[in-house]
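Single-structure report; data block below.
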Amino acid sequence: MIDAGTYGAINWIDLTTPDIEGARAFYGELLGWTITGAETPMGDYFVGAIDGHEVAGMMEQSAEMQGIPPMWTTFVYVEDIDATVAGVKDAGGVVHEPPFSIPGDARVAVVADPTGAVFSLISGERPEGMYFLNEPGGLCWVEVLSRDVKAAEEFYRRVFDWNPVTEVTGGTAYTMFKLGGEDVAGMMQMPAEVPADAPSHWSVYFAVADCVAAETKVRELGGMVLRPTADIEMGRFAVVADPQGAMFNLMEFAQ
């Protein structure tokens, strides 16, 4: 897997939620994360880790974010964030928040591709840790569910030099974005069962040892199962949401 400090690589994910204590309890119990926190000028920030490997961050929504649904955000690493923001605009994307500084000499911007899928850019000192880890509790994949895959393909190709490679399996087309020959992220057409008003969006996958058991645990912890466990070529997956409504995926890899 490509290094997280490479231009155009997935660098980090984090959760914004209206109930940070509830989120800490939920993800800690479900995924076995050790969660530590630190005070920052933007508020308390928490990081979940597995066996010393940082997996994801989370923080409570600010007053200005009240009313925005809780969500997991994917970050892409760039060297010159101002130039990349300009490239996002040139490629037909939208800038929701122009570059701003965060602790650790990093800068972040919140943008969206032309189909409406929101993600973040990050430059500067990258977080330490492992970003794709197929062990239980690890972040194992990210993908775009798009309403217009052709427009999205062209956007990510222009902005990050991602090379889209599409294969059809069982009648479903899936695009693998590659950078320097390495897998970066995936993309597929929004499934028909998704409500028509759901926008294009980025989605994150966490590895689990047993998808059915993890799905049951989600319910026990107050979360929701949006798509029950199903078999795919690589193993089994389910689409779920935490008690506050933030969606994510569970992935059990075939042995």
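Quick note on naming: the chains in the structure tokens go A, B, ... in the order shown, residues restart at 1 in each chain, and ligands are numbered from 1 in order of appearance.
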Would you list, as number ranges by chain, the residues of region 135-250 of chain A that end up in strand (DSSP E or B) under DSSP run on this structure's backbone?
-> A: 139-146, 163-169, 172-179, 182-189, 201-207, 224-232, 235-241, 247-250
Compile the contact shell of Asp242 (chain A) as a PyMOL selection string: residues with an atom at most 10 Å away, counting only C-alpha atoms, same-chain residues fewer than 5 positions apart removed.
-> chain A and resi 17+22-23+26-27+30+70-71+218-219+221-225+247-248
Between A:Ile68, A:Ala83, A:Met59, A:Leu179, which has the minimum distance to Gly245 (chain A) (counting only C-alpha atoms)?
-> A:Ile68
Within 9 Å of Ala106 (chain A) using only C-alpha atoms, minus same-chain residues under 4 positions, as a list in words |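 Result of the neighbour search: Phe100, Ser101, Ile102, Ile122, Ser123, Gly124, Glu125 and Arg126 of chain A.
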Neighbours of Val208 (chain A) within 6 Å (only C-alpha atoms; same-chain residues fewer than 6 positions away dropped), as a PyMOL selection string?
-> chain A and resi 136+251-252
Spatial neighbours of region 155-170 of chain A, max dist 8 Å, only C-alpha atoms, sep filter under 5 positions, as JSON, numbers by chain = {"A": [7, 8, 84, 87, 88, 91, 92, 93, 113, 114, 175, 176, 177, 178, 179, 184]}
For those residues, write N, CA and C atoms to a file as a compact mmCIF listing (two decimals), in the first residue's frame.
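selection28.txt, freshly written:
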```txt
# COMPACT_ATOMS: atom_id res chain seq x y z
N TYR A 7 2.11 12.39 -2.17
CA TYR A 7 1.10 13.27 -2.72
C TYR A 7 -0.03 12.45 -3.35
N GLY A 8 -1.26 12.72 -2.93
CA GLY A 8 -2.41 12.02 -3.48
C GLY A 8 -2.79 10.77 -2.73
N THR A 84 -3.43 22.90 -4.64
CA THR A 84 -4.39 21.82 -4.83
C THR A 84 -5.82 22.34 -4.76
N GLY A 87 -6.58 23.66 -7.95
CA GLY A 87 -6.82 22.56 -8.87
C GLY A 87 -8.19 21.95 -8.71
N VAL A 88 -8.68 21.88 -7.47
CA VAL A 88 -10.04 21.39 -7.22
C VAL A 88 -11.05 22.27 -7.94
N ALA A 91 -10.99 21.81 -11.70
CA ALA A 91 -11.53 20.51 -12.13
C ALA A 91 -13.02 20.39 -11.89
N GLY A 92 -13.67 21.49 -11.44
CA GLY A 92 -15.11 21.49 -11.26
C GLY A 92 -15.57 21.15 -9.86
N GLY A 93 -14.62 21.04 -8.91
CA GLY A 93 -14.98 20.75 -7.54
C GLY A 93 -15.41 21.99 -6.78
N ASP A 113 -15.89 16.83 -4.66
CA ASP A 113 -15.73 16.60 -6.10
C ASP A 113 -16.99 17.12 -6.82
N PRO A 114 -17.01 17.13 -8.15
CA PRO A 114 -18.16 17.70 -8.87
C PRO A 114 -19.47 16.98 -8.63
N THR A 175 -14.41 0.63 -9.65
CA THR A 175 -13.21 1.33 -10.09
C THR A 175 -12.18 1.35 -8.98
N MET A 176 -10.98 0.93 -9.31
CA MET A 176 -9.86 1.02 -8.37
C MET A 176 -8.98 2.18 -8.82
N PHE A 177 -8.80 3.17 -7.95
CA PHE A 177 -7.89 4.27 -8.26
C PHE A 177 -6.48 3.85 -7.87
N LYS A 178 -5.54 4.06 -8.77
CA LYS A 178 -4.15 3.71 -8.52
C LYS A 178 -3.26 4.94 -8.66
N LEU A 179 -2.20 4.96 -7.86
CA LEU A 179 -1.22 6.04 -7.90
C LEU A 179 0.15 5.38 -7.87
N VAL A 184 -5.09 3.15 -4.20
CA VAL A 184 -5.30 4.32 -3.35
C VAL A 184 -6.69 4.30 -2.72
```
